[in-house]
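What follows is the content of data01.cif, which has mmCIF, C-alpha atoms and all ligand atoms:
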```cif
data_data
#
loop_
_atom_site.group_PDB
_atom_site.id
_atom_site.type_symbol
_atom_site.label_atom_id
_atom_site.label_comp_id
_atom_site.auth_asym_id
_atom_site.auth_seq_id
_atom_site.Cartn_x
_atom_site.Cartn_y
_atom_site.Cartn_z
ATOM 1 C CA MET A 1 -192.653 62.543 79.408
ATOM 2 C CA GLY A 2 -192.968 61.470 75.777
ATOM 3 C CA ARG A 3 -190.316 59.444 74.031
ATOM 4 C CA THR A 4 -189.268 62.561 72.110
ATOM 5 C CA MET A 5 -187.605 63.852 75.282
ATOM 6 C CA GLN A 6 -185.506 60.757 75.940
ATOM 7 C CA VAL A 7 -183.513 60.383 72.744
ATOM 8 C CA PRO A 8 -181.454 63.367 71.587
ATOM 9 C CA PRO A 9 -182.936 64.424 68.263
ATOM 10 C CA PRO A 10 -180.858 63.623 65.181
ATOM 11 C CA THR A 11 -178.963 66.246 63.246
ATOM 12 C CA TRP A 12 -177.673 66.775 59.722
ATOM 13 C CA THR A 13 -174.743 64.884 58.307
ATOM 14 C CA ALA A 14 -174.955 66.929 55.094
ATOM 15 C CA GLU A 15 -176.150 70.432 54.295
ATOM 16 C CA GLY A 16 -177.392 71.734 50.958
ATOM 17 C CA GLU A 17 -180.134 70.680 48.581
ATOM 18 C CA PHE A 18 -180.860 67.153 47.344
ATOM 19 C CA ASP A 19 -183.083 65.534 44.695
ATOM 20 C CA LEU A 20 -186.280 63.702 45.551
ATOM 21 C CA ASN A 21 -185.675 59.955 45.731
ATOM 22 C CA THR A 22 -186.417 57.189 48.231
ATOM 23 C CA GLU A 23 -183.124 57.412 50.078
ATOM 24 C CA ASN A 24 -183.166 61.212 50.341
ATOM 25 C CA LEU A 25 -186.783 61.265 51.508
ATOM 26 C CA ARG A 26 -185.855 58.847 54.285
ATOM 27 C CA LEU A 27 -182.795 60.930 55.189
ATOM 28 C CA LEU A 28 -184.933 64.073 55.352
ATOM 29 C CA LEU A 29 -187.538 62.364 57.575
ATOM 30 C CA ASP A 30 -184.657 61.210 59.806
ATOM 31 C CA ASN A 31 -183.359 64.824 59.795
ATOM 32 C CA ARG A 32 -180.009 63.785 58.311
ATOM 33 C CA ILE A 33 -180.098 66.142 55.309
ATOM 34 C CA ALA A 34 -181.274 69.746 55.135
ATOM 35 C CA VAL A 35 -183.414 70.261 52.040
ATOM 36 C CA ILE A 36 -184.927 68.422 49.056
ATOM 37 C CA ARG A 37 -185.810 70.503 45.998
ATOM 38 C CA ILE A 38 -187.932 69.507 42.997
ATOM 39 C CA PRO A 39 -186.914 72.039 40.337
ATOM 40 C CA GLY A 40 -189.460 72.756 37.616
ATOM 41 C CA PHE A 41 -192.352 71.114 39.470
ATOM 42 C CA ALA A 42 -194.631 73.434 37.474
ATOM 43 C CA THR A 43 -194.145 75.418 34.263
ATOM 44 C CA PRO A 44 -194.207 79.245 34.194
ATOM 45 C CA ALA A 45 -197.696 79.087 32.656
ATOM 46 C CA GLU A 46 -198.894 76.779 35.436
ATOM 47 C CA CYS A 47 -197.441 79.150 38.058
ATOM 48 C CA LYS A 48 -199.301 82.058 36.497
ATOM 49 C CA SER A 49 -202.507 80.087 36.447
ATOM 50 C CA PHE A 50 -202.094 79.155 40.118
ATOM 51 C CA VAL A 51 -201.356 82.747 41.147
ATOM 52 C CA ALA A 52 -204.474 84.068 39.387
ATOM 53 C CA ALA A 53 -206.617 81.350 40.980
ATOM 54 C CA ALA A 54 -205.174 81.980 44.466
ATOM 55 C CA ARG A 55 -205.633 85.754 44.230
ATOM 56 C CA SER A 56 -209.310 85.327 43.396
ATOM 57 C CA GLY A 57 -209.859 82.982 46.367
ATOM 58 C CA PRO A 58 -211.172 83.676 49.910
ATOM 59 C CA ILE A 59 -207.946 85.017 51.489
ATOM 60 C CA LYS A 60 -207.858 85.319 55.308
ATOM 61 C CA TYR A 61 -205.126 86.656 57.607
ATOM 62 C CA TYR A 62 -203.450 85.014 60.601
ATOM 63 C CA SER A 63 -203.571 86.986 63.831
ATOM 64 C CA VAL A 64 -199.834 87.625 64.102
ATOM 65 C CA ALA A 65 -197.740 90.794 63.872
ATOM 66 C CA THR A 66 -196.570 90.262 60.279
ATOM 67 C CA ARG A 67 -199.401 90.038 57.802
ATOM 68 C CA ILE A 68 -199.670 86.472 56.462
ATOM 69 C CA GLY A 69 -202.512 85.847 54.041
ATOM 70 C CA TYR A 70 -203.806 82.323 53.604
ATOM 71 C CA ILE A 71 -206.507 80.137 52.144
ATOM 72 C CA GLY A 72 -207.272 76.885 53.935
ATOM 73 C CA LEU A 73 -207.307 75.473 57.447
ATOM 74 C CA ALA A 74 -204.428 74.902 59.879
ATOM 75 C CA GLN A 75 -204.880 72.130 62.442
ATOM 76 C CA TYR A 76 -202.573 73.896 64.897
ATOM 77 C CA GLU A 77 -205.035 76.777 65.125
ATOM 78 C CA TYR A 78 -207.170 74.277 67.080
ATOM 79 C CA ARG A 79 -204.475 73.163 69.470
ATOM 80 C CA TRP A 80 -205.507 75.087 72.596
ATOM 81 C CA GLY A 81 -208.976 74.876 74.156
ATOM 82 C CA ARG A 82 -210.804 73.576 71.101
ATOM 83 C CA PRO A 83 -212.250 70.067 70.949
ATOM 84 C CA LYS A 84 -211.123 67.870 68.080
ATOM 85 C CA GLU A 85 -214.704 67.794 66.808
ATOM 86 C CA ASP A 86 -214.470 71.508 65.960
ATOM 87 C CA PHE A 87 -211.454 70.892 63.765
ATOM 88 C CA PHE A 88 -212.920 67.939 61.880
ATOM 89 C CA GLU A 89 -216.208 69.832 61.409
ATOM 90 C CA ALA A 90 -214.321 72.727 59.792
ATOM 91 C CA VAL A 91 -212.535 70.491 57.272
ATOM 92 C CA PRO A 92 -215.248 70.020 54.596
ATOM 93 C CA GLN A 93 -215.846 73.777 54.143
ATOM 94 C CA ALA A 94 -212.089 74.457 53.885
ATOM 95 C CA ARG A 95 -211.767 71.605 51.387
ATOM 96 C CA ARG A 96 -214.581 73.076 49.251
ATOM 97 C CA GLU A 97 -212.804 76.457 49.229
ATOM 98 C CA LEU A 98 -209.527 74.899 48.120
ATOM 99 C CA ASP A 99 -211.240 72.754 45.476
ATOM 100 C CA GLU A 100 -212.880 75.914 44.135
ATOM 101 C CA VAL A 101 -209.504 77.689 43.850
ATOM 102 C CA ILE A 102 -207.865 74.658 42.234
ATOM 103 C CA SER A 103 -210.747 74.332 39.756
ATOM 104 C CA HIS A 104 -209.577 77.680 38.325
ATOM 105 C CA CYS A 105 -205.989 76.445 38.010
ATOM 106 C CA SER A 106 -204.585 74.553 35.021
ATOM 107 C CA PHE A 107 -203.198 71.776 37.251
ATOM 108 C CA ASN A 108 -203.670 70.348 40.751
ATOM 109 C CA PRO A 109 -200.493 70.905 42.823
ATOM 110 C CA MET A 110 -201.723 68.669 45.671
ATOM 111 C CA GLU A 111 -202.361 65.684 43.419
ATOM 112 C CA ARG A 112 -199.108 66.215 41.565
ATOM 113 C CA LEU A 113 -197.097 66.383 44.780
ATOM 114 C CA ILE A 114 -198.736 63.261 46.235
ATOM 115 C CA ALA A 115 -197.952 61.414 42.989
ATOM 116 C CA ARG A 116 -194.309 62.540 43.132
ATOM 117 C CA LEU A 117 -193.971 61.294 46.716
ATOM 118 C CA GLN A 118 -195.821 58.044 46.027
ATOM 119 C CA ALA A 119 -193.507 57.355 43.071
ATOM 120 C CA VAL A 120 -190.536 57.076 45.452
ATOM 121 C CA TRP A 121 -192.132 55.823 48.697
ATOM 122 C CA PRO A 122 -192.882 52.101 49.201
ATOM 123 C CA ARG A 123 -195.822 52.632 51.597
ATOM 124 C CA PRO A 124 -199.115 54.535 50.971
ATOM 125 C CA VAL A 125 -199.024 58.348 50.737
ATOM 126 C CA GLY A 126 -202.216 60.350 51.218
ATOM 127 C CA VAL A 127 -204.178 62.915 53.174
ATOM 128 C CA ALA A 128 -204.185 62.100 56.897
ATOM 129 C CA GLN A 129 -207.258 60.611 58.497
ATOM 130 C CA GLU A 130 -208.354 59.155 61.790
ATOM 131 C CA GLU A 131 -211.608 57.839 63.249
ATOM 132 C CA MET A 132 -213.161 61.299 63.453
ATOM 133 C CA GLY A 133 -212.513 62.097 59.835
ATOM 134 C CA LEU A 134 -210.202 63.380 57.133
ATOM 135 C CA TYR A 135 -207.694 66.134 57.837
ATOM 136 C CA TYR A 136 -207.272 69.171 55.646
ATOM 137 C CA ALA A 137 -204.105 69.410 53.496
ATOM 138 C CA GLY A 138 -202.990 72.279 51.274
ATOM 139 C CA ILE A 139 -202.606 75.775 52.656
ATOM 140 C CA ILE A 140 -202.089 78.583 50.175
ATOM 141 C CA ARG A 141 -199.985 81.353 51.726
ATOM 142 C CA PHE A 142 -198.986 84.911 50.880
ATOM 143 C CA THR A 143 -195.778 85.444 52.871
ATOM 144 C CA GLY A 144 -194.125 88.487 51.289
ATOM 145 C CA GLU A 145 -193.587 90.089 54.702
ATOM 146 C CA GLY A 146 -191.835 87.079 56.207
ATOM 147 C CA VAL A 147 -192.700 84.600 58.961
ATOM 148 C CA ALA A 148 -191.178 84.552 62.476
ATOM 149 C CA LEU A 149 -189.060 81.726 63.894
ATOM 150 C CA HIS A 150 -191.224 78.670 64.612
ATOM 151 C CA CYS A 151 -191.383 74.874 64.652
ATOM 152 C CA ASP A 152 -193.954 72.465 63.285
ATOM 153 C CA TRP A 153 -193.784 69.170 65.180
ATOM 154 C CA ALA A 154 -197.050 67.313 65.724
ATOM 155 C CA PRO A 155 -195.912 65.051 68.627
ATOM 156 C CA LEU A 156 -195.729 68.271 70.687
ATOM 157 C CA ASN A 157 -198.233 70.510 68.854
ATOM 158 C CA SER A 158 -200.991 67.919 68.350
ATOM 159 C CA PRO A 159 -200.463 65.106 70.888
ATOM 160 C CA HIS A 160 -204.171 64.197 71.005
ATOM 161 C CA TYR A 161 -204.445 63.620 67.276
ATOM 162 C CA ALA A 162 -203.329 60.626 65.167
ATOM 163 C CA ILE A 163 -200.638 62.838 63.618
ATOM 164 C CA GLY A 164 -199.125 63.102 67.120
ATOM 165 C CA GLN A 165 -197.825 59.541 66.534
ATOM 166 C CA ILE A 166 -195.455 60.464 63.702
ATOM 167 C CA ASP A 167 -191.697 59.996 64.006
ATOM 168 C CA GLY A 168 -190.705 62.507 61.306
ATOM 169 C CA GLN A 169 -192.369 65.660 59.945
ATOM 170 C CA LEU A 170 -191.649 67.437 56.686
ATOM 171 C CA GLY A 171 -193.107 70.561 55.156
ATOM 172 C CA TRP A 172 -193.333 70.916 51.377
ATOM 173 C CA ASN A 173 -194.152 74.133 49.570
ATOM 174 C CA PHE A 174 -194.729 74.778 45.905
ATOM 175 C CA PHE A 175 -193.808 78.350 45.076
ATOM 176 C CA ALA A 176 -195.920 79.913 42.352
ATOM 177 C CA GLU A 177 -194.696 83.506 42.741
ATOM 178 C CA GLU A 178 -191.422 84.755 44.185
ATOM 179 C CA LEU A 179 -190.283 88.117 45.495
ATOM 180 C CA ALA A 180 -188.001 90.457 43.539
ATOM 181 C CA THR A 181 -185.555 90.283 46.470
ATOM 182 C CA GLY A 182 -185.600 88.507 49.831
ATOM 183 C CA GLY A 183 -188.038 85.823 50.923
ATOM 184 C CA GLN A 184 -185.413 83.197 51.749
ATOM 185 C CA THR A 185 -186.252 80.525 54.291
ATOM 186 C CA THR A 186 -183.649 79.715 56.950
ATOM 187 C CA VAL A 187 -183.828 76.262 58.526
ATOM 188 C CA HIS A 188 -181.844 75.872 61.752
ATOM 189 C CA ASN A 189 -180.579 72.421 62.622
ATOM 190 C CA ALA A 190 -181.564 72.614 66.286
ATOM 191 C CA PRO A 191 -184.438 70.094 66.318
ATOM 192 C CA TRP A 192 -187.098 71.148 68.759
ATOM 193 C CA ALA A 193 -187.113 69.314 72.113
ATOM 194 C CA PRO A 194 -188.475 71.754 74.701
ATOM 195 C CA GLU A 195 -189.149 70.724 78.272
ATOM 196 C CA VAL A 196 -192.895 70.310 78.598
ATOM 197 C CA LYS A 197 -195.082 69.050 81.420
ATOM 198 C CA PRO A 198 -197.152 66.034 80.364
ATOM 199 C CA GLY A 199 -200.318 67.265 78.663
ATOM 200 C CA ASP A 200 -198.997 70.785 78.065
ATOM 201 C CA ILE A 201 -198.868 72.064 74.492
ATOM 202 C CA PRO A 202 -195.979 74.503 74.127
ATOM 203 C CA GLN A 203 -195.903 77.767 72.191
ATOM 204 C CA SER A 204 -194.133 77.017 68.903
ATOM 205 C CA TYR A 205 -194.304 80.379 67.095
ATOM 206 C CA GLY A 206 -192.142 83.431 67.731
ATOM 207 C CA LEU A 207 -189.421 81.303 69.312
ATOM 208 C CA ASP A 208 -186.414 82.807 71.070
ATOM 209 C CA PRO A 209 -183.475 83.146 68.611
ATOM 210 C CA ALA A 210 -181.209 81.890 71.419
ATOM 211 C CA LEU A 211 -182.642 78.414 70.680
ATOM 212 C CA VAL A 212 -180.839 78.290 67.354
ATOM 213 C CA ALA A 213 -177.715 80.347 68.081
ATOM 214 C CA GLY A 214 -174.613 78.519 66.878
ATOM 215 C CA SER A 215 -176.542 75.716 65.105
ATOM 216 C CA PRO A 216 -175.903 74.772 61.462
ATOM 217 C CA LYS A 217 -178.384 76.356 59.099
ATOM 218 C CA ALA A 218 -179.576 75.980 55.545
ATOM 219 C CA VAL A 219 -181.004 78.883 53.563
ATOM 220 C CA TYR A 220 -183.205 78.162 50.586
ATOM 221 C CA GLN A 221 -184.618 80.412 47.923
ATOM 222 C CA ALA A 222 -188.362 80.268 47.275
ATOM 223 C CA THR A 223 -188.024 79.991 43.503
ATOM 224 C CA ALA A 224 -191.236 80.092 41.459
ATOM 225 C CA GLY A 225 -191.914 76.731 39.808
ATOM 226 C CA ASP A 226 -190.057 74.663 42.428
ATOM 227 C CA VAL A 227 -191.125 72.558 45.370
ATOM 228 C CA VAL A 228 -188.870 72.698 48.438
ATOM 229 C CA ILE A 229 -189.149 70.153 51.269
ATOM 230 C CA PHE A 230 -187.497 70.317 54.699
ATOM 231 C CA ASN A 231 -187.826 68.823 58.180
ATOM 232 C CA THR A 232 -190.115 71.180 60.113
ATOM 233 C CA ARG A 233 -188.969 70.011 63.534
ATOM 234 C CA ASN A 234 -186.013 72.286 62.824
ATOM 235 C CA PRO A 235 -186.862 75.877 63.803
ATOM 236 C CA HIS A 236 -187.360 77.910 60.628
ATOM 237 C CA GLU A 237 -188.116 81.480 59.590
ATOM 238 C CA ILE A 238 -188.872 83.374 56.405
ATOM 239 C CA ALA A 239 -187.243 86.696 55.574
ATOM 240 C CA GLY A 240 -189.437 89.504 54.333
ATOM 241 C CA GLY A 241 -188.514 91.087 51.039
ATOM 242 C CA VAL A 242 -189.506 93.341 48.208
ATOM 243 C CA ALA A 243 -192.236 92.190 45.853
ATOM 244 C CA GLU A 244 -192.736 93.080 42.214
ATOM 245 C CA PRO A 245 -195.503 95.719 42.004
ATOM 246 C CA GLY A 246 -198.680 94.009 43.197
ATOM 247 C CA GLY A 247 -196.779 90.778 43.787
ATOM 248 C CA SER A 248 -196.041 88.541 46.768
ATOM 249 C CA ARG A 249 -194.465 85.247 47.782
ATOM 250 C CA ILE A 250 -197.216 82.768 46.974
ATOM 251 C CA SER A 251 -197.128 79.089 47.843
ATOM 252 C CA ILE A 252 -199.210 76.031 48.553
ATOM 253 C CA GLY A 253 -197.993 73.311 50.852
ATOM 254 C CA SER A 254 -198.662 70.925 53.693
ATOM 255 C CA PHE A 255 -196.931 68.766 56.221
ATOM 256 C CA VAL A 256 -195.943 65.156 55.595
ATOM 257 C CA GLY A 257 -195.662 62.868 58.602
ATOM 258 C CA ARG A 258 -194.276 59.340 58.806
ATOM 259 C CA MET A 259 -196.647 57.165 60.820
ATOM 260 C CA PRO A 260 -195.478 54.201 62.932
ATOM 261 C CA ASP A 261 -196.354 51.853 59.996
ATOM 262 C CA HIS A 262 -194.343 54.161 57.673
ATOM 263 C CA GLN A 263 -197.323 55.439 55.708
ATOM 264 C CA LEU A 264 -196.898 59.105 54.829
ATOM 265 C CA MET A 265 -199.811 61.277 55.908
ATOM 266 C CA LEU A 266 -200.410 64.833 54.702
ATOM 267 C CA TRP A 267 -202.141 67.603 56.640
ATOM 268 C CA SER A 268 -201.884 71.343 57.173
HETATM 269 O O1 LIG A 301 -192.689 79.133 52.901
HETATM 270 C C1 LIG A 301 -191.711 78.555 53.380
HETATM 271 O O2 LIG A 301 -190.574 78.620 52.864
HETATM 272 C C2 LIG A 301 -191.855 77.710 54.634
HETATM 273 C C3 LIG A 301 -193.223 77.784 55.240
HETATM 274 C C4 LIG A 301 -193.330 77.028 56.549
HETATM 275 O O3 LIG A 301 -193.109 77.565 57.612
HETATM 276 C C5 LIG A 301 -193.682 75.602 56.538
HETATM 277 O O4 LIG A 301 -193.922 75.035 55.463
HETATM 278 O O5 LIG A 301 -193.723 74.999 57.637
HETATM 279 FE FE FE A 302 -193.393 76.184 59.306
#
```

Turn the structure described in the file into structure tokens.
Amino acid sequence: MGRTMQVPPPTWTAEGEFDLNTENLRLLLDNRIAVIRIPGFATPAECKSFVAAARSGPIKYYSVATRIGYIGLAQYEYRWGRPKEDFFEAVPQARRELDEVISHCSFNPMERLIARLQAVWPRPVGVAQEEMGLYYAGIIRFTGEGVALHCDWAPLNSPHYAIGQIDGQLGWNFFAEELATGGQTTVHNAPWAPEVKPGDIPQSYGLDPALVAGSPKAVYQATAGDVVIFNTRNPHEIAGGVAEPGGSRISIGSFVGRMPDHQLMLWS
């Protein structure tokens, strides 16, 4: 069994939302605090520009019950029965599609976010890579109908990739458009540690609510203009809501993993 099974996973010592600084980033990676928010990461004009660019991009839909639109590439879609080569071969095309969308936007949210993290982190921050190539980072999502309870934890989801070596995983999302009502994200402080047979990759989406019953939780609002960061080993879910006419809940984000040498690597 992996080392993740032997040590009980850490839990929050404080709930609520914190600013981005070195200490808080470390606490979030260690799963000691619930949420970091960067208010006003982008101006209202920049949000509008991003929304227009995203809407004109090549939107696809995940094969799950609630309709989740996206642009980009998710590594975990390759976790069962697909060789790593397939994933790394798909990266350049996905990158070109994202670059095309961002070229229509008045700013680059990926570059801005990496700069904000690098400004507070003493080790290098950048898009993940390994011998086979560069990962893809930066999924644009349309999540107005909500997202079911799930976990994102590469040591279990992606054990055969370099990102499987991380000891902390965060997800950041920049929200460019918010719903009129609803759309909150609930993060449950019940860090994922399922029993798995060596080599097995567990189902991590549509988790049983019993897993989080009675655990502390933090609820954040997906406010347009802000970036919100949380520890994705905690099961989390997004409530559906009511959009403005023609609107949605539109974001771009990726994961951030802390490698054994404490570099921060980004992927989606
Ligand atoms: O959109 C959100 O609030 C969270 C999305 C999510 O599940 C993630 O970033 O891992
Ligand atoms: Fe997630």

Using all atoms listed in the file, what are the residues with an atom within 12 Å of ligand FE 302 (chain A), set out as a ChimeraX atom specification?
/A:74,76,139,141,143,146-154,169-173,185-188,204-207,229-238,253-256,268

Centre and size of axis-aligned box enclosing ligand LIG 301 (chain A) plus 5 Å each side, as JSON:
```
{"center_x": -192.2, "center_y": 77.1, "center_z": 55.3, "size_x": 13.3, "size_y": 14.1, "size_z": 14.8}
```

d(CA of Pro191 (chain A), CA of Arg26 (chain A)) in Å:
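One can read the CA of Pro191 (chain A) to CA of Arg26 (chain A) distance as 16.5 Å.
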
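Restricting the calculation to only C-alpha atoms and all ligand atoms, the smallest distance between ligand LIG 301 (chain A) and any of A:Pro155, A:Gly240, A:Pro92, A:Pro216 is found for A:Gly240.
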
Could you spell out the hits of the PyMOL selection byres (((chain A and resi 261) around 10) and not hetatm) on the shown file, as a list in words?
Arg123, Pro124, Ile166, Arg258, Met259, Pro260, His262, Gln263 and Leu264 of chain A

Could you save those same residues with C-alpha atoms as a short mmCIF file (atom, residue, chain, number, x, y, z; two decimals), keeping the file's coordinate frame?
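Final output, saved to out_28.cif:
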```cif
data_model
loop_
_atom_site.label_atom_id
_atom_site.label_comp_id
_atom_site.auth_asym_id
_atom_site.auth_seq_id
_atom_site.Cartn_x
_atom_site.Cartn_y
_atom_site.Cartn_z
CA ARG A 123 -195.82 52.63 51.60
CA PRO A 124 -199.12 54.54 50.97
CA ILE A 166 -195.46 60.46 63.70
CA ARG A 258 -194.28 59.34 58.81
CA MET A 259 -196.65 57.16 60.82
CA PRO A 260 -195.48 54.20 62.93
CA HIS A 262 -194.34 54.16 57.67
CA GLN A 263 -197.32 55.44 55.71
CA LEU A 264 -196.90 59.10 54.83
#
```

Using only C-alpha atoms, which protein or nucleic acid residues come within 9 Å of region 110-117 of chain A? Drop anything in the same chain fewer than 2 positions from it, and give the result as a list of chain:residue names.
A:Leu20, A:Asn21, A:Thr22, A:Leu25, A:Phe41, A:Phe107, A:Asn108, A:Ala119, A:Val120, A:Trp121, A:Val125, A:Gly126, A:Val127, A:Ala137, A:Gly138, A:Trp172, A:Phe174, A:Val227, A:Ile252, A:Gly253, A:Ser254, A:Leu264, A:Leu266

Please write as JSON, numbers by chain the full residue list that the PyMOL selection byres (((chain A and resi 104) around 12) and not hetatm) yields on this file.
{"A": [46, 48, 49, 50, 51, 52, 53, 54, 55, 56, 57, 97, 98, 99, 100, 101, 102, 103, 105, 106, 107, 108]}

Can I get the selected residues back with C-alpha atoms, as a PDB file, in the coordinates of the input?
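Final output, saved to again-v9.pdb:
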```pdb
ATOM      1  CA  GLU A  46    -198.894  76.779  35.436  1.00  0.00           C
ATOM      2  CA  LYS A  48    -199.301  82.058  36.497  1.00  0.00           C
ATOM      3  CA  SER A  49    -202.507  80.087  36.447  1.00  0.00           C
ATOM      4  CA  PHE A  50    -202.094  79.155  40.118  1.00  0.00           C
ATOM      5  CA  VAL A  51    -201.356  82.747  41.147  1.00  0.00           C
ATOM      6  CA  ALA A  52    -204.474  84.068  39.387  1.00  0.00           C
ATOM      7  CA  ALA A  53    -206.617  81.350  40.980  1.00  0.00           C
ATOM      8  CA  ALA A  54    -205.174  81.980  44.466  1.00  0.00           C
ATOM      9  CA  ARG A  55    -205.633  85.754  44.230  1.00  0.00           C
ATOM     10  CA  SER A  56    -209.310  85.327  43.396  1.00  0.00           C
ATOM     11  CA  GLY A  57    -209.859  82.982  46.367  1.00  0.00           C
ATOM     12  CA  GLU A  97    -212.804  76.457  49.229  1.00  0.00           C
ATOM     13  CA  LEU A  98    -209.527  74.899  48.120  1.00  0.00           C
ATOM     14  CA  ASP A  99    -211.240  72.754  45.476  1.00  0.00           C
ATOM     15  CA  GLU A 100    -212.880  75.914  44.135  1.00  0.00           C
ATOM     16  CA  VAL A 101    -209.504  77.689  43.850  1.00  0.00           C
ATOM     17  CA  ILE A 102    -207.865  74.658  42.234  1.00  0.00           C
ATOM     18  CA  SER A 103    -210.747  74.332  39.756  1.00  0.00           C
ATOM     19  CA  CYS A 105    -205.989  76.445  38.010  1.00  0.00           C
ATOM     20  CA  SER A 106    -204.585  74.553  35.021  1.00  0.00           C
ATOM     21  CA  PHE A 107    -203.198  71.776  37.251  1.00  0.00           C
ATOM     22  CA  ASN A 108    -203.670  70.348  40.751  1.00  0.00           C
TER      23      ASN A 108
END
```

Kindly give the distance, in Å, that separates CA of Glu178 (chain A) and CA of Ala224 (chain A), rounded to a single decimal.
5.4 Å
